[in-house]
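Novice: Below is protein_1.json; it holds JSON, C-alpha atoms.
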[["chain", "number", "residue", "atom", "x", "y", "z"],
["A", 1, "MET", "CA", 0.00, 0.00, 0.00],
["A", 2, "PHE", "CA", 1.13, 3.54, -0.64],
["A", 3, "GLY", "CA", 1.80, 5.76, 2.36],
["A", 4, "PHE", "CA", -0.28, 8.87, 2.93],
["A", 5, "GLY", "CA", -0.43, 11.44, 5.66],
["A", 6, "ALA", "CA", 3.16, 11.35, 6.92],
["A", 7, "ARG", "CA", 4.35, 14.90, 7.35],
["A", 8, "SER", "CA", 8.06, 14.18, 6.98],
["A", 9, "SER", "CA", 8.30, 14.32, 3.20],
["A", 10, "ALA", "CA", 6.28, 14.59, 0.02],
["A", 11, "LYS", "CA", 5.41, 11.43, -1.82],
["A", 12, "THR", "CA", 5.44, 11.04, -5.57],
["A", 13, "LEU", "CA", 3.29, 8.49, -7.36],
["A", 14, "THR", "CA", 3.54, 7.49, -11.00],
["A", 15, "PRO", "CA", 0.52, 7.85, -13.28],
["A", 16, "THR", "CA", 0.22, 4.05, -13.30],
["A", 17, "GLN", "CA", 0.07, 3.95, -9.50],
["A", 18, "VAL", "CA", -2.54, 6.72, -9.46],
["A", 19, "ARG", "CA", -4.65, 4.95, -12.07],
["A", 20, "GLN", "CA", -4.46, 1.68, -10.15],
["A", 21, "MET", "CA", -5.78, 3.45, -7.05],
["A", 22, "GLY", "CA", -8.93, 4.50, -8.90],
["A", 23, "ASP", "CA", -11.54, 6.10, -6.71],
["A", 24, "THR", "CA", -9.76, 5.24, -3.46],
["A", 25, "VAL", "CA", -8.06, 8.66, -3.72],
["A", 26, "THR", "CA", -9.24, 12.20, -4.40],
["A", 27, "LEU", "CA", -7.41, 13.77, -7.33],
["A", 28, "VAL", "CA", -6.95, 17.54, -7.21],
["A", 29, "ASP", "CA", -5.91, 19.28, -10.43],
["A", 30, "VAL", "CA", -4.09, 22.52, -9.57],
["A", 31, "ARG", "CA", -3.67, 23.79, -13.14],
["A", 32, "GLU", "CA", -5.22, 26.99, -14.46],
["A", 33, "ASP", "CA", -8.74, 27.15, -15.92],
["A", 34, "GLY", "CA", -7.62, 26.95, -19.57],
["A", 35, "GLU", "CA", -5.44, 23.92, -18.86],
["A", 36, "TRP", "CA", -8.33, 22.19, -17.09],
["A", 37, "ALA", "CA", -10.63, 22.93, -20.03],
["A", 38, "SER", "CA", -8.12, 21.34, -22.43],
["A", 39, "GLY", "CA", -8.53, 18.01, -20.62],
["A", 40, "HIS", "CA", -8.23, 16.56, -17.13],
["A", 41, "ILE", "CA", -8.43, 13.25, -15.32],
["A", 42, "ALA", "CA", -12.04, 12.13, -14.96],
["A", 43, "GLY", "CA", -13.33, 12.58, -11.43],
["A", 44, "ALA", "CA", -10.68, 15.11, -10.41],
["A", 45, "ILE", "CA", -11.51, 18.28, -8.49],
["A", 46, "HIS", "CA", -10.24, 21.49, -10.05],
["A", 47, "ILE", "CA", -8.67, 24.06, -7.73],
["A", 48, "PRO", "CA", -6.02, 26.25, -9.40],
["A", 49, "LEU", "CA", -2.87, 26.55, -7.30],
["A", 50, "GLY", "CA", -3.39, 30.28, -6.71],
["A", 51, "ARG", "CA", -6.77, 29.58, -5.08],
["A", 52, "LEU", "CA", -5.82, 26.43, -3.18],
["A", 53, "ARG", "CA", -5.16, 28.08, 0.18],
["A", 54, "ASP", "CA", -8.61, 29.74, 0.13],
["A", 55, "GLU", "CA", -10.48, 26.73, -1.30],
["A", 56, "MET", "CA", -8.90, 23.90, 0.69],
["A", 57, "ASP", "CA", -12.32, 23.20, 2.21],
["A", 58, "ARG", "CA", -13.52, 21.99, -1.22],
["A", 59, "ILE", "CA", -11.33, 18.90, -0.85],
["A", 60, "PRO", "CA", -13.50, 16.16, 0.64],
["A", 61, "SER", "CA", -12.25, 14.29, 3.66],
["A", 62, "GLY", "CA", -12.22, 10.53, 3.99],
["A", 63, "LYS", "CA", -9.79, 9.65, 1.20],
["A", 64, "PRO", "CA", -6.12, 10.33, 0.59],
["A", 65, "VAL", "CA", -5.46, 13.26, -1.75],
["A", 66, "VAL", "CA", -3.19, 13.26, -4.80],
["A", 67, "PHE", "CA", -2.40, 16.60, -6.41],
["A", 68, "TYR", "CA", -1.44, 16.89, -10.07],
["A", 69, "CYS", "CA", -0.62, 19.64, -12.56],
["A", 70, "HIS", "CA", 0.97, 19.77, -16.01],
["A", 71, "ALA", "CA", 4.40, 18.34, -15.19],
["A", 72, "GLY", "CA", 4.76, 18.12, -11.39],
["A", 73, "GLY", "CA", 6.06, 21.51, -10.24],
["A", 74, "ARG", "CA", 2.80, 23.10, -9.14],
["A", 75, "SER", "CA", 1.56, 19.90, -7.53],
["A", 76, "SER", "CA", 4.69, 19.90, -5.36],
["A", 77, "GLN", "CA", 3.85, 23.46, -4.34],
["A", 78, "ALA", "CA", 0.29, 22.33, -3.57],
["A", 79, "ILE", "CA", 1.66, 19.85, -1.03],
["A", 80, "ASN", "CA", 3.52, 22.68, 0.73],
["A", 81, "ILE", "CA", 0.37, 24.84, 0.79],
["A", 82, "ALA", "CA", -1.76, 21.99, 2.15],
["A", 83, "MET", "CA", 0.71, 21.03, 4.83],
["A", 84, "ALA", "CA", 1.18, 24.67, 5.89],
["A", 85, "ALA", "CA", -2.61, 24.78, 6.33],
["A", 86, "GLY", "CA", -2.41, 21.76, 8.62],
["A", 87, "GLN", "CA", -3.74, 19.26, 6.08],
["A", 88, "PRO", "CA", -2.16, 15.80, 5.69],
["A", 89, "HIS", "CA", -2.12, 16.00, 1.88],
["A", 90, "ASP", "CA", 1.48, 15.07, 1.07],
["A", 91, "THR", "CA", 1.24, 13.24, -2.25],
["A", 92, "HIS", "CA", 1.38, 14.24, -5.90],
["A", 93, "MET", "CA", 1.58, 12.57, -9.29],
["A", 94, "GLY", "CA", 5.05, 12.95, -10.76],
["A", 95, "GLY", "CA", 5.14, 14.20, -14.32],
["A", 96, "GLY", "CA", 1.60, 15.53, -14.07],
["A", 97, "ILE", "CA", -1.01, 15.11, -16.75],
["A", 98, "SER", "CA", 1.76, 15.13, -19.36],
["A", 99, "ALA", "CA", 3.05, 11.82, -17.98],
["A", 100, "TRP", "CA", -0.53, 10.55, -17.62],
["A", 101, "ARG", "CA", -1.19, 11.22, -21.31],
["A", 102, "ALA", "CA", 2.19, 9.77, -22.32],
["A", 103, "GLN", "CA", 1.04, 6.49, -20.76],
["A", 104, "GLY", "CA", -2.02, 6.61, -23.02],
["A", 105, "PHE", "CA", -4.43, 7.08, -20.12],
["A", 106, "PRO", "CA", -7.71, 8.87, -20.91],
["A", 107, "SER", "CA", -8.56, 12.48, -20.24],
["A", 108, "ALA", "CA", -12.00, 14.03, -19.77],
["A", 109, "SER", "CA", -12.98, 17.38, -21.21]]
Would you write out, as structure tokens, the structure that this file holds?
Specialist:
Amino acid sequence: MFGFGARSSAKTLTPTQVRQMGDTVTLVDVREDGEWASGHIAGAIHIPLGRLRDEMDRIPSGKPVVFYCHAGGRSSQAINIAMAAGQPHDTHMGGGISAWRAQGFPSAS
């Protein structure tokens, strides 16, 4: 099983690992509105990074959270924002949606 909630360090999952987890995790897309509109992972919640601090309450509780962005940089920042707000969200998808698409996984629009 993948570890979640430890505050010591951020965790990076591959797109394959994220896909295998299915609906056992909450995906949070932290890209901008135009990026979201160009395609996203089905079932993800959209909260642009710049609004994350103010909209953290939109992330449902009860499941581990995995942040993602275009390539992994903003999702790493999202972890820092969440943890600074006292949330246990310490995991992101490395390579972002670019890596997801490179694996041939589907996107919603």
Novice: Select, from A:Ile97, A:Ala37, A:Val18, A:Ala85, the residue with the minimum atom-to-atom distance to Gly73 of chain A, counting all atoms listed in the file.
Specialist: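 Nearest candidate to Gly73 of chain A out of A:Ile97, A:Ala37, A:Val18, A:Ala85: A:Ile97.
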Novice: With all atoms listed in the file as the atoms that count, which of A:Gln20, A:Ser75, A:Ser61, A:Ser38 lies nearest to Gly95 of chain A?
Specialist: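 Looking only at the distances to Gly95 of chain A, the closest residue turns out to be A:Ser75.
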Novice: List the neighbours of Arg58 of chain A out to 10 Å using all atoms listed in the file; skip same-chain residues closer than 3 positions along the sequence, and give me the result as a list in words.
Specialist: Val28, Ile45, His46, Ile47, Leu52, Asp54, Glu55 and Ser61 of chain A
Novice: Restricting the output to C-alpha atoms, write the selected residues as a PDB file, in the frame of the given file.
Specialist:
ATOM      1  CA  VAL A  28      -6.950  17.540  -7.210  1.00  0.00           C
ATOM      2  CA  ILE A  45     -11.510  18.280  -8.490  1.00  0.00           C
ATOM      3  CA  HIS A  46     -10.240  21.490 -10.050  1.00  0.00           C
ATOM      4  CA  ILE A  47      -8.670  24.060  -7.730  1.00  0.00           C
ATOM      5  CA  LEU A  52      -5.820  26.430  -3.180  1.00  0.00           C
ATOM      6  CA  ASP A  54      -8.610  29.740   0.130  1.00  0.00           C
ATOM      7  CA  GLU A  55     -10.480  26.730  -1.300  1.00  0.00           C
ATOM      8  CA  SER A  61     -12.250  14.290   3.660  1.00  0.00           C
TER       9      SER A  61
END
Novice: Of the residues A:Gly94, A:Pro15, A:Gly43, A:Gly86, which is the one nearest to Ala71 of chain A, using only C-alpha atoms?
Specialist: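 Looking only at the distances to Ala71 of chain A, the closest residue turns out to be A:Gly94.
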Novice: Within 12 Å of Gly50 of chain A, counting only C-alpha atoms, which residues show up once you throw out same-chain ones fewer than 5 positions away? Write them as a VMD selection string, please.
Specialist: chain A and resid 29 to 33 55 to 56 74 to 75 77 to 78 81
Novice: For atom CA of Gly34 of chain A and atom CA of Gly62 of chain A, determine how far apart the two atoms are, in Å to one decimal place.
Specialist: 29.1 Å
Novice: Counting all atoms listed in the file, find residues at most 12 Å from (1.9, 5.1, -12.2) (file frame) and give them as number ranges by chain.
Specialist: A: 2, 12-22, 92-97, 99-105
Novice: Between atom CA of Trp36 of chain A and atom CA of Tyr68 of chain A, measure the distance and give it in Å to one decimal.
Specialist: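 So the two atoms, atom CA of Trp36 of chain A and atom CA of Tyr68 of chain A, lie 11.2 Å apart.
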Novice: From the set A:Val25, A:Gly39, A:Val66, A:Ala82, which residue has the shortest atom-to-atom contact distance to Arg51 of chain A, counting all atoms listed in the file?
Specialist: A:Ala82
Novice: Neighbouring residues of segment 40-42 of chain A were defined as those with any atom within 7 Å, considering all atoms listed in the file; residues of the same chain fewer than 4 positions away were excluded. Please report them as a PyMOL selection string.
Specialist: chain A and resi 36+107-109
Novice: What is the atom CA of Asn80 of chain A to atom CA of Pro106 of chain A distance in Å?
Specialist: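 Between these atoms lies a distance of 28.0 Å.
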Novice: Measuring atom to atom with all atoms listed in the file, identify which of A:Ala10, A:Ala84, A:His89, A:Ile79 is nearest to Lys63 of chain A.
Specialist: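 Ranked by minimum distance to Lys63 of chain A, first place goes to A:His89.
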Novice: Considering all atoms listed in the file, state which residue in the set A:Cys69, A:Thr26, A:Thr91, A:Met83 is at the smallest distance from Arg53 of chain A.
Specialist: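 Using all atoms listed in the file, the shortest distance to Arg53 of chain A belongs to A:Met83.
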